[in-house]
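Visitor: My structure file my_file.pdb, PDB, C-alpha atoms, is below:
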ATOM      1  CA  MET L  21       0.000   0.000   0.000
ATOM      2  CA  SER L  22       1.664   3.226  -1.149
ATOM      3  CA  SER L  23       1.530   6.258   1.118
ATOM      4  CA  GLU L  24       1.497   8.516  -1.925
ATOM      5  CA  LEU L  25      -1.867   9.503  -3.380
ATOM      6  CA  PRO L  26      -2.050   8.296  -7.022
ATOM      7  CA  ALA L  27      -2.219  11.018  -9.667
ATOM      8  CA  GLU L  28      -5.471   9.516 -10.946
ATOM      9  CA  VAL L  29      -7.124  10.114  -7.569
ATOM     10  CA  GLN L  30      -5.628  13.583  -7.262
ATOM     11  CA  SER L  31      -7.180  14.456 -10.625
ATOM     12  CA  TRP L  32     -10.665  13.550  -9.315
ATOM     13  CA  ILE L  33     -10.591  16.050  -6.430
ATOM     14  CA  GLY L  34     -13.025  18.901  -7.066
ATOM     15  CA  GLN L  35     -14.248  17.444 -10.379
ATOM     16  CA  PRO L  36     -17.949  16.584 -10.846
ATOM     17  CA  ARG L  37     -18.268  12.941 -11.950
ATOM     18  CA  TYR L  38     -21.040  10.447 -12.663
ATOM     19  CA  GLU L  39     -23.727  12.986 -13.503
ATOM     20  CA  GLU L  40     -26.740  10.769 -14.058
ATOM     21  CA  ALA L  41     -30.505  10.639 -13.741
ATOM     22  CA  GLY L  42     -32.184   8.293 -11.279
ATOM     23  CA  GLU L  43     -33.453   5.010 -12.696
ATOM     24  CA  PHE L  44     -37.082   5.753 -11.807
ATOM     25  CA  ASP L  45     -39.376   8.617 -10.872
ATOM     26  CA  VAL L  46     -39.829   9.551  -7.256
ATOM     27  CA  GLU L  47     -42.816   7.561  -6.047
ATOM     28  CA  ARG L  48     -44.923   7.307  -2.962
ATOM     29  CA  GLY L  49     -44.567   3.591  -2.299
ATOM     30  CA  TYR L  50     -40.921   3.916  -1.360
ATOM     31  CA  MET L  51     -41.724   6.947   0.792
ATOM     32  CA  LEU L  52     -44.191   4.878   2.816
ATOM     33  CA  THR L  53     -41.786   1.933   3.072
ATOM     34  CA  SER L  54     -39.119   4.253   4.417
ATOM     35  CA  LEU L  55     -41.515   5.867   6.902
ATOM     36  CA  SER L  56     -42.678   2.447   8.005
ATOM     37  CA  SER L  57     -39.101   1.261   8.575
ATOM     38  CA  VAL L  58     -38.638   3.888  11.304
ATOM     39  CA  GLU L  59     -42.293   4.112  12.405
ATOM     40  CA  ASN L  60     -42.506   7.769  11.395
ATOM     41  CA  GLY L  61     -46.166   8.827  11.699
ATOM     42  CA  ASN L  62     -45.687  12.483  10.731
ATOM     43  CA  PRO L  63     -49.138  13.414   9.272
ATOM     44  CA  LEU L  64     -47.416  15.494   6.600
ATOM     45  CA  PHE L  65     -46.594  12.196   4.897
ATOM     46  CA  TRP L  66     -49.779  10.275   5.719
ATOM     47  CA  ASP L  67     -52.687  12.768   5.857
ATOM     48  CA  PRO L  68     -53.556  14.292   2.446
ATOM     49  CA  GLU L  69     -55.197  17.341   4.041
ATOM     50  CA  VAL L  70     -52.079  18.179   6.057
ATOM     51  CA  ALA L  71     -49.925  17.645   2.969
ATOM     52  CA  ARG L  72     -52.210  19.880   0.881
ATOM     53  CA  GLU L  73     -52.203  22.661   3.466
ATOM     54  CA  LEU L  74     -48.461  22.705   4.208
ATOM     55  CA  THR L  75     -46.750  21.570   1.021
ATOM     56  CA  GLY L  76     -49.415  21.698  -1.687
ATOM     57  CA  GLY L  77     -49.492  17.895  -1.924
ATOM     58  CA  TRP L  78     -47.302  14.940  -1.077
ATOM     59  CA  ILE L  79     -43.588  15.422  -0.604
ATOM     60  CA  ALA L  80     -40.917  12.850   0.189
ATOM     61  CA  PRO L  81     -39.480  12.659   3.710
ATOM     62  CA  PRO L  82     -36.314  14.751   3.381
ATOM     63  CA  THR L  83     -33.888  12.031   4.432
ATOM     64  CA  THR L  84     -35.088   9.714   1.656
ATOM     65  CA  ILE L  85     -33.057  11.881  -0.723
ATOM     66  CA  SER L  86     -30.328   9.313  -1.433
ATOM     67  CA  LEU L  87     -32.898   6.594  -2.097
ATOM     68  CA  TRP L  88     -33.759   8.071  -5.488
ATOM     69  CA  PHE L  89     -30.284   7.729  -6.959
ATOM     70  CA  ARG L  90     -29.499   4.214  -5.821
ATOM     71  CA  PRO L  91     -29.489   1.825  -8.787
ATOM     72  CA  HIS L  92     -31.434  -1.419  -8.977
ATOM     73  CA  TRP L  93     -29.559  -4.515  -7.850
ATOM     74  CA  TRP L  94     -30.097  -5.962 -11.326
ATOM     75  CA  ALA L  95     -31.403  -4.578 -14.611
ATOM     76  CA  PRO L  96     -31.728  -6.180 -18.069
ATOM     77  CA  GLY L  97     -28.793  -5.604 -20.361
ATOM     78  CA  ARG L  98     -26.479  -4.341 -17.674
ATOM     79  CA  THR L  99     -22.934  -5.546 -18.310
ATOM     80  CA  ARG L 100     -21.156  -4.209 -15.255
ATOM     81  CA  GLU L 101     -21.849  -3.830 -11.569
ATOM     82  CA  VAL L 102     -23.372  -0.448 -10.832
ATOM     83  CA  GLN L 103     -22.908   1.053  -7.400
ATOM     84  CA  PRO L 104     -24.437   4.041  -5.683
ATOM     85  CA  LEU L 105     -21.759   6.555  -4.770
ATOM     86  CA  GLN L 106     -19.486   5.150  -7.466
ATOM     87  CA  VAL L 107     -16.621   7.481  -6.501
ATOM     88  CA  HIS L 108     -16.439   5.688  -3.135
ATOM     89  CA  PHE L 109     -15.982   2.337  -4.884
ATOM     90  CA  ASP L 110     -13.497   3.812  -7.375
ATOM     91  CA  LEU L 111     -11.394   4.988  -4.438
ATOM     92  CA  LYS L 112     -11.462   1.558  -2.806
ATOM     93  CA  ARG L 113     -10.288  -0.036  -6.050
ATOM     94  CA  VAL L 114      -7.581   2.431  -7.029
ATOM     95  CA  LEU L 115      -6.226   2.829  -3.497
ATOM     96  CA  GLY L 116      -6.228  -0.927  -2.817
ATOM     97  CA  LEU L 117      -8.511  -0.616   0.211
ATOM     98  CA  PRO L 118     -10.946  -3.537   0.023
ATOM     99  CA  GLU L 119     -13.156  -2.654   3.003
ATOM    100  CA  ALA L 120     -14.960   0.576   3.753
ATOM    101  CA  VAL L 121     -17.464   2.129   6.123
ATOM    102  CA  MET L 122     -19.129   5.522   6.282
ATOM    103  CA  THR L 123     -18.356   7.621   9.351
ATOM    104  CA  ASP L 124     -20.028  11.008   8.769
ATOM    105  CA  ASN L 125     -22.993  12.230   6.791
ATOM    106  CA  GLU L 126     -24.314  15.755   6.283
ATOM    107  CA  ILE L 127     -27.396  16.673   4.254
ATOM    108  CA  VAL L 128     -28.639  20.173   3.468
ATOM    109  CA  PHE L 129     -32.223  20.226   2.222
ATOM    110  CA  TYR L 130     -33.551  22.691  -0.341
ATOM    111  CA  GLU L 131     -36.528  22.212  -2.704
ATOM    112  CA  PRO L 132     -38.757  19.375  -1.437
ATOM    113  CA  VAL L 133     -38.886  16.238  -3.581
ATOM    114  CA  ARG L 134     -42.310  15.219  -4.886
ATOM    115  CA  PRO L 135     -43.834  12.127  -6.496
ATOM    116  CA  GLY L 136     -43.126  12.215 -10.222
ATOM    117  CA  ASP L 137     -39.844  14.097  -9.861
ATOM    118  CA  ARG L 138     -36.805  12.669 -11.637
ATOM    119  CA  LEU L 139     -33.592  13.633  -9.858
ATOM    120  CA  THR L 140     -30.181  14.012 -11.423
ATOM    121  CA  THR L 141     -27.105  13.578  -9.265
ATOM    122  CA  ARG L 142     -23.421  14.214  -9.537
ATOM    123  CA  GLN L 143     -20.570  13.214  -7.248
ATOM    124  CA  ILE L 144     -17.587  15.377  -6.306
ATOM    125  CA  LEU L 145     -14.578  14.057  -4.404
ATOM    126  CA  ARG L 146     -13.552  16.792  -1.944
ATOM    127  CA  SER L 147     -10.567  15.293  -0.122
ATOM    128  CA  VAL L 148      -8.548  12.155   0.649
ATOM    129  CA  SER L 149      -6.521  11.879   3.868
ATOM    130  CA  PRO L 150      -3.019  10.474   4.270
ATOM    131  CA  LEU L 151      -2.780   6.838   5.374
ATOM    132  CA  LYS L 152      -3.901   6.455   8.988
ATOM    133  CA  ALA L 153      -4.011   3.663  11.561
ATOM    134  CA  THR L 154      -7.588   3.136  12.786
ATOM    135  CA  LYS L 155      -9.223   0.551  15.027
ATOM    136  CA  LEU L 156     -10.491  -1.246  11.892
ATOM    137  CA  GLY L 157      -7.154  -1.229  10.104
ATOM    138  CA  GLN L 158      -4.881   1.013   8.075
ATOM    139  CA  GLY L 159      -6.640   3.203   5.585
ATOM    140  CA  ARG L 160      -7.710   6.619   4.373
ATOM    141  CA  PHE L 161     -10.659   8.889   5.014
ATOM    142  CA  TRP L 162     -12.320  10.636   2.091
ATOM    143  CA  VAL L 163     -15.127  13.151   1.639
ATOM    144  CA  ILE L 164     -17.556  12.900  -1.269
ATOM    145  CA  ASP L 165     -20.314  15.419  -2.000
ATOM    146  CA  VAL L 166     -23.472  14.444  -3.875
ATOM    147  CA  GLU L 167     -25.735  17.100  -5.398
ATOM    148  CA  TYR L 168     -29.368  16.349  -6.233
ATOM    149  CA  VAL L 169     -31.206  18.465  -8.821
ATOM    150  CA  ASN L 170     -34.795  17.984  -9.957
ATOM    151  CA  GLN L 171     -36.099  18.026 -13.540
ATOM    152  CA  ARG L 172     -36.704  21.804 -13.312
ATOM    153  CA  GLY L 173     -33.049  22.399 -12.463
ATOM    154  CA  GLU L 174     -33.813  23.218  -8.821
ATOM    155  CA  LEU L 175     -31.354  22.057  -6.179
ATOM    156  CA  ALA L 176     -33.103  19.520  -3.953
ATOM    157  CA  ALA L 177     -30.258  18.659  -1.606
ATOM    158  CA  ARG L 178     -26.536  18.597  -1.135
ATOM    159  CA  GLU L 179     -25.101  15.656   0.746
ATOM    160  CA  SER L 180     -21.613  14.995   2.058
ATOM    161  CA  TYR L 181     -20.280  11.567   3.007
ATOM    162  CA  THR L 182     -17.088  10.816   4.898
ATOM    163  CA  GLY L 183     -15.898   7.286   4.184
ATOM    164  CA  LEU L 184     -13.055   5.215   5.609
ATOM    165  CA  GLY L 185     -11.458   2.732   3.225
ATOM    166  CA  TYR L 186      -9.155   0.259   4.981
ATOM    167  CA  VAL L 187      -7.310  -3.012   5.018
ATOM    168  CA  LYS L 188      -8.708  -5.062   7.893
ATOM    169  CA  GLY L 189      -6.304  -5.415  10.791
ATOM    170  CA  GLY L 190      -3.608  -3.648   8.828
ATOM    171  CA  ALA L 191      -2.823  -1.080  11.516
TER
ATOM    172  CA  MET X  29     -54.314  22.210  11.340
ATOM    173  CA  PRO X  30     -56.228  19.284   9.801
ATOM    174  CA  GLY X  31     -56.594  16.238  11.982
ATOM    175  CA  GLY X  32     -55.459  18.173  15.056
ATOM    176  CA  ALA X  33     -51.803  17.733  14.102
ATOM    177  CA  ARG X  34     -49.289  19.197  16.545
ATOM    178  CA  ARG X  35     -48.061  22.687  15.652
ATOM    179  CA  LEU X  36     -44.969  23.775  17.535
ATOM    180  CA  LEU X  37     -44.106  27.481  17.311
ATOM    181  CA  LEU X  38     -40.645  29.013  17.623
ATOM    182  CA  GLN X  39     -41.587  31.107  20.660
ATOM    183  CA  GLN X  40     -42.476  27.947  22.582
ATOM    184  CA  ILE X  41     -38.836  26.805  22.407
ATOM    185  CA  ALA X  42     -35.798  27.929  24.413
ATOM    186  CA  PRO X  43     -32.157  26.868  24.529
ATOM    187  CA  GLY X  44     -31.689  24.041  26.973
ATOM    188  CA  ASP X  45     -35.089  22.500  26.330
ATOM    189  CA  GLU X  46     -34.939  18.736  26.185
ATOM    190  CA  ILE X  47     -36.689  16.684  23.535
ATOM    191  CA  PRO X  48     -38.572  13.659  24.896
ATOM    192  CA  SER X  49     -36.458  10.552  24.418
ATOM    193  CA  LEU X  50     -37.338   7.780  22.001
ATOM    194  CA  ALA X  51     -36.355   4.137  22.488
ATOM    195  CA  CYS X  52     -36.378   1.276  20.000
ATOM    196  CA  ASP X  53     -35.246  -2.334  20.315
ATOM    197  CA  VAL X  54     -33.247  -3.165  17.192
ATOM    198  CA  THR X  55     -33.839  -6.530  15.555
ATOM    199  CA  ALA X  56     -32.448  -8.075  12.373
ATOM    200  CA  THR X  57     -35.702  -6.966  10.756
ATOM    201  CA  THR X  58     -35.053  -3.352  11.813
ATOM    202  CA  VAL X  59     -31.658  -3.441  10.115
ATOM    203  CA  ILE X  60     -32.706  -5.262   6.953
ATOM    204  CA  LEU X  61     -35.967  -3.362   6.513
ATOM    205  CA  GLY X  62     -34.072  -0.099   6.961
ATOM    206  CA  ALA X  63     -31.463  -1.085   4.379
ATOM    207  CA  LEU X  64     -33.990  -2.222   1.794
ATOM    208  CA  ALA X  65     -36.247   0.795   2.416
ATOM    209  CA  THR X  66     -33.280   2.981   1.493
ATOM    210  CA  ARG X  67     -32.345   0.765  -1.482
ATOM    211  CA  ASP X  68     -29.033  -0.164   0.106
ATOM    212  CA  TRP X  69     -28.218  -3.667  -1.118
ATOM    213  CA  ARG X  70     -24.743  -3.943   0.392
ATOM    214  CA  PRO X  71     -24.369  -7.277   2.216
ATOM    215  CA  MET X  72     -23.118  -5.963   5.549
ATOM    216  CA  HIS X  73     -26.672  -4.770   6.161
ATOM    217  CA  HIS X  74     -28.353  -8.137   5.579
ATOM    218  CA  ASP X  75     -25.677 -10.888   5.651
ATOM    219  CA  ARG X  76     -24.177 -11.657   9.069
ATOM    220  CA  ASP X  77     -21.382 -13.851   7.629
ATOM    221  CA  PHE X  78     -20.286 -11.024   5.344
ATOM    222  CA  ALA X  79     -20.410  -8.456   8.157
ATOM    223  CA  GLN X  80     -18.304 -10.688  10.415
ATOM    224  CA  LYS X  81     -15.785 -11.921   7.866
ATOM    225  CA  ARG X  82     -15.370  -8.849   5.686
ATOM    226  CA  ASN X  83     -16.141  -5.953   7.997
ATOM    227  CA  GLY X  84     -14.818  -7.563  11.153
ATOM    228  CA  VAL X  85     -17.890  -6.678  13.198
ATOM    229  CA  LYS X  86     -20.182  -8.902  15.235
ATOM    230  CA  ASP X  87     -23.334  -8.690  13.144
ATOM    231  CA  ILE X  88     -25.215  -6.779  10.446
ATOM    232  CA  PHE X  89     -25.627  -3.116  11.359
ATOM    233  CA  LEU X  90     -27.846  -0.099  10.636
ATOM    234  CA  ASN X  91     -26.922   1.661   7.412
ATOM    235  CA  THR X  92     -26.242   5.374   7.053
ATOM    236  CA  PRO X  93     -29.444   6.581   5.315
ATOM    237  CA  ASN X  94     -31.609   4.594   7.711
ATOM    238  CA  GLN X  95     -29.899   6.265  10.655
ATOM    239  CA  ALA X  96     -30.746   9.569   8.973
ATOM    240  CA  ALA X  97     -34.371   8.420   8.732
ATOM    241  CA  TRP X  98     -34.413   7.539  12.449
ATOM    242  CA  PHE X  99     -33.091  10.985  13.375
ATOM    243  CA  GLU X 100     -35.636  12.590  11.045
ATOM    244  CA  ARG X 101     -38.437  10.651  12.734
ATOM    245  CA  TYR X 102     -37.157  11.716  16.173
ATOM    246  CA  VAL X 103     -37.057  15.394  15.177
ATOM    247  CA  GLU X 104     -40.458  15.308  13.450
ATOM    248  CA  ASP X 105     -42.135  13.582  16.412
ATOM    249  CA  TRP X 106     -41.154  16.690  18.378
ATOM    250  CA  ALA X 107     -41.484  19.452  15.776
ATOM    251  CA  GLY X 108     -44.731  18.305  14.162
ATOM    252  CA  PRO X 109     -45.574  18.499  10.459
ATOM    253  CA  ALA X 110     -44.938  22.246  10.107
ATOM    254  CA  GLY X 111     -41.326  21.779  11.223
ATOM    255  CA  ARG X 112     -39.013  21.651   8.225
ATOM    256  CA  LEU X 113     -35.585  20.037   8.358
ATOM    257  CA  GLY X 114     -32.929  22.318   6.917
ATOM    258  CA  ARG X 115     -29.747  20.503   7.721
ATOM    259  CA  MET X 116     -28.617  17.335   9.425
ATOM    260  CA  LYS X 117     -25.101  16.187  10.195
ATOM    261  CA  PHE X 118     -24.145  13.077  12.061
ATOM    262  CA  ARG X 119     -21.075  11.116  13.035
ATOM    263  CA  MET X 120     -21.293   7.380  13.540
ATOM    264  CA  ARG X 121     -18.829   6.431  16.267
ATOM    265  CA  ASP X 122     -19.818   2.802  16.362
ATOM    266  CA  SER X 123     -22.312   0.468  14.741
ATOM    267  CA  VAL X 124     -25.826  -0.369  15.918
ATOM    268  CA  PHE X 125     -26.597  -4.099  15.867
ATOM    269  CA  PRO X 126     -29.599  -6.399  16.348
ATOM    270  CA  GLY X 127     -30.156  -6.856  20.065
ATOM    271  CA  ASP X 128     -29.247  -3.244  20.840
ATOM    272  CA  ARG X 129     -31.791  -0.962  22.489
ATOM    273  CA  MET X 130     -31.213   2.403  20.885
ATOM    274  CA  VAL X 131     -32.308   5.530  22.708
ATOM    275  CA  PHE X 132     -32.510   8.935  21.039
ATOM    276  CA  ARG X 133     -32.070  12.068  23.118
ATOM    277  CA  GLY X 134     -31.880  15.695  22.151
ATOM    278  CA  THR X 135     -31.435  19.231  23.453
ATOM    279  CA  VAL X 136     -32.196  22.636  21.979
ATOM    280  CA  GLU X 137     -28.908  24.473  21.522
ATOM    281  CA  LYS X 138     -29.974  27.677  19.809
ATOM    282  CA  VAL X 139     -33.162  29.487  18.794
ATOM    283  CA  GLY X 140     -33.220  32.408  16.364
ATOM    284  CA  THR X 141     -34.621  34.094  13.296
ATOM    285  CA  ASP X 142     -32.646  34.791  10.121
ATOM    286  CA  GLU X 143     -32.760  37.938   7.955
ATOM    287  CA  ALA X 144     -35.573  36.442   5.871
ATOM    288  CA  GLY X 145     -37.716  35.994   8.987
ATOM    289  CA  CYS X 146     -37.351  32.227   9.081
ATOM    290  CA  GLY X 147     -37.319  30.763  12.590
ATOM    291  CA  TRP X 148     -34.547  28.264  13.255
ATOM    292  CA  VAL X 149     -33.810  25.806  16.038
ATOM    293  CA  ASP X 150     -30.423  24.112  16.315
ATOM    294  CA  LEU X 151     -30.595  20.717  17.999
ATOM    295  CA  ALA X 152     -27.907  18.482  19.495
ATOM    296  CA  LEU X 153     -29.042  14.868  19.227
ATOM    297  CA  GLU X 154     -27.561  11.517  20.091
ATOM    298  CA  LEU X 155     -28.253   7.844  19.626
ATOM    299  CA  ARG X 156     -27.156   5.816  22.621
ATOM    300  CA  VAL X 157     -26.944   2.099  23.289
ATOM    301  CA  GLY X 158     -26.627   1.679  27.035
ATOM    302  CA  GLU X 159     -24.207   4.353  28.188
ATOM    303  CA  ARG X 160     -22.394   4.550  24.849
ATOM    304  CA  ILE X 161     -23.058   7.266  22.320
ATOM    305  CA  MET X 162     -23.110   5.472  18.976
ATOM    306  CA  THR X 163     -24.053   8.448  16.790
ATOM    307  CA  GLU X 164     -23.926  12.196  17.413
ATOM    308  CA  CYS X 165     -26.139  14.412  15.316
ATOM    309  CA  LYS X 166     -26.685  18.135  14.800
ATOM    310  CA  ALA X 167     -29.929  19.167  13.160
ATOM    311  CA  ARG X 168     -31.250  22.568  12.085
ATOM    312  CA  VAL X 169     -35.016  22.785  11.901
ATOM    313  CA  ALA X 170     -37.267  25.634  10.787
ATOM    314  CA  LEU X 171     -40.353  26.196  12.946
ATOM    315  CA  PRO X 172     -43.260  28.586  12.305
ATOM    316  CA  VAL X 173     -42.797  31.993  13.940
ATOM    317  CA  SER X 174     -46.585  32.536  14.078
ATOM    318  CA  GLU X 175     -49.811  30.619  13.573
ATOM    319  CA  ARG X 176     -49.891  31.765   9.940
ATOM    320  CA  ASP X 177     -46.235  31.138   9.109
ATOM    321  CA  ASN X 178     -45.336  28.036   7.094
ATOM    322  CA  PRO X 179     -41.620  27.197   6.710
ATOM    323  CA  TRP X 180     -42.465  24.823   3.846
ATOM    324  CA  ALA X 181     -43.599  27.780   1.723
ATOM    325  CA  ARG X 182     -40.089  29.263   1.713
ATOM    326  CA  LYS X 183     -37.966  29.091  -1.454
ATOM    327  CA  GLY X 184     -34.850  30.709  -2.882
ATOM    328  CA  GLU X 185     -33.588  33.651  -0.823
ATOM    329  CA  GLU X 186     -36.181  32.953   1.871
ATOM    330  CA  TRP X 187     -34.756  29.483   2.563
ATOM    331  CA  LYS X 188     -31.174  29.440   3.807
ATOM    332  CA  PRO X 189     -30.604  26.241   5.751
TER
END
Please re-express this file's structure in structure tokens.

Guide:
Amino acid sequence: MSSELPAEVQSWIGQPRYEEAGEFDVERGYMLTSLSSVENGNPLFWDPEVARELTGGWIAPPTTISLWFRPHWWAPGRTREVQPLQVHFDLKRVLGLPEAVMTDNEIVFYEPVRPGDRLTTRQILRSVSPLKATKLGQGRFWVIDVEYVNQRGELAARESYTGLGYVKGGA
Amino acid sequence: MPGGARRLLLQQIAPGDEIPSLACDVTATTVILGALATRDWRPMHHDRDFAQKRNGVKDIFLNTPNQAAWFERYVEDWAGPAGRLGRMKFRMRDSVFPGDRMVFRGTVEKVGTDEAGCGWVDLALELRVGERIMTECKARVALPVSERDNPWARKGEEWKP
């Protein structure tokens, strides 16, 4: 494992990559599944009168934002594995760090997401740390931003992930 | 508000206020349902063998977007439907596993109004298992400043989370 950051990775920092539209329109079924998974009974998402009064109709729970850009596990004709947050997996591969976990997450919410919206995302690598010894193993921390824009060009959210890629027990 | 939904106003809140705690016993279903509800197919959130052998942890564990959804639920239980999340940041110190009893707690850190007249509350939140803080979270939530105010109606220059 080299301590030097490869030029390929250096060239990614600050550059928007993987600008792509979600594979399906925002839809209410997934909103309800997500709400159900955490037993969130907020009437804004369940009572049509509350939704009409406050938001002019249904909106998605804000923290479902990343759901809409995650690819299907399988799709016909696909010839390669497709991952959400592809930059994260590119870093693991190029840096030779087979394991990874997320440590920090920040989301800033702007225009609410509504059923029928089709979001476009892009990923921007912000930083990669030097090699560090952690309790999981030796590895690097990196920060990746994801921007979400709806079909009208309005910013829906900006999300920032801090990941740790590591070699298990390598500290 | 329709259905008698709770409507919390900014002037009802002060720094130091505590948010009622929320407890949940985590099961394998909690973890797997949360992962699939967020379309996260990675095996460490549904395959114990993978989590143990590849990640070096004791079991499958809650994924990141589902933790965000839990914190959102905790904040919205308190703020009511007119409360609008502006920003959420959390740090996961350790993983949450089946068998854990997670307890959410929160405190109001700051209350104020920005130049656009939007009322903001800054919250310090945590997810504990036993005495250990597993995740720390900061959330910024807009609350109505009057009975007629609606943070969800704000756009552009009137919405600066």

Visitor: Could you state the separation of CA of Pro189 (chain X) and CA of Gly114 (chain X) in Å, given to one decimal place?

Guide: 4.7 Å

Visitor: With only C-alpha atoms as the basis for distance, which of L:Pro81, L:Gly189, L:Gly173, L:Gly76 is at the shortest distance from Phe129 (chain L)?

Guide: L:Pro81

Visitor: Near Ser123 (chain X), within 9 Å and counting only C-alpha atoms, which residues show up once chain neighbours fewer than 2 positions away are dropped, as a list in words?

Guide: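 Here the answer would be Val85, Ile88, Phe89, Leu90, Asn91, Met120, Arg121, Phe125, Met162 and Thr163 of chain X.
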
Visitor: For CA of Ala152 (chain X) and CA of Ser49 (chain X), quote the distance in Å rounded to one decimal.

Guide: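 If I compute the distance from CA of Ala152 (chain X) to CA of Ser49 (chain X), I get 12.7 Å.
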
Visitor: Could you name the residues that touch Leu74 (chain L) at 8 Å or less, counting only C-alpha atoms, but leaving out those on the same chain fewer than 6 positions away, as a PyMOL selection string?

Guide: (chain L and resi 64) or (chain X and resi 110+178+180-181)

Visitor: Need to verify the contact set: region 107-117 of chain L, 9 Å, all atoms listed in the file, exclusion of same-chain residues closer than 3 positions in sequence. Can you return it as a ChimeraX atom specification?

Guide: /L:21-22,25-26,28-29,32,37-38,103-104,120,143-145,158-160,162-164,183,185-188

Visitor: How would you write, as a ChimeraX atom specification, the residues chosen by the ChimeraX specification (/L :<9) & /X on this structure?

Guide: /X:29-31,33,58-59,61-62,64-69,82-84,91-94,96-98,100-102,104-105,108-110,112-122,178-181,183-184,187-189

Visitor: What is the distance, in Å and to one decimal place, between CA of Trp148 (chain X) and CA of Glu164 (chain X)?

Guide: 19.7 Å

Visitor: Evaluate the PyMOL selection byres ((chain X and resi 174) around 10) and record the selected residues as a list in words, following the chain and residue labels used in the document.

Guide: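 Answer for the PyMOL selection byres ((chain X and resi 174) around 10): Leu36, Leu37, Leu38, Gln39, Gly147, Leu171, Pro172, Val173, Glu175, Arg176, Asp177 and Asn178 of chain X.
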
Visitor: Just checking: using only C-alpha atoms, which residue out of X:Ala167, X:Leu50, X:Val149, X:Ala56 ends up closest to Val131 (chain X)?

Guide: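 Looking only at the distances to Val131 (chain X), the closest residue turns out to be X:Leu50.
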
Visitor: Box along x, y and z, 3 Å on every side, all listed atoms of region 41-50 of chain X inside: centre and edge lengths in Å to one decimal, as AutoDock Vina command-line options.

Guide:
--center_x -35.3 --center_y 17.9 --center_z 24.5 --size_x 13.1 --size_y 26.1 --size_z 11.0

Visitor: Between X:Thr57, X:Gln95, X:Gln80, X:Thr141, which has the minimum distance to Leu155 (chain X) (counting all atoms listed in the file)?

Guide: X:Gln95

Visitor: On this structure, the PyMOL selection byres ((chain L and resi 140) around 6) would catch which residues? List them as a PyMOL selection string, sorted by chain and number.

Guide: chain L and resi 40-41+139+141+168-169
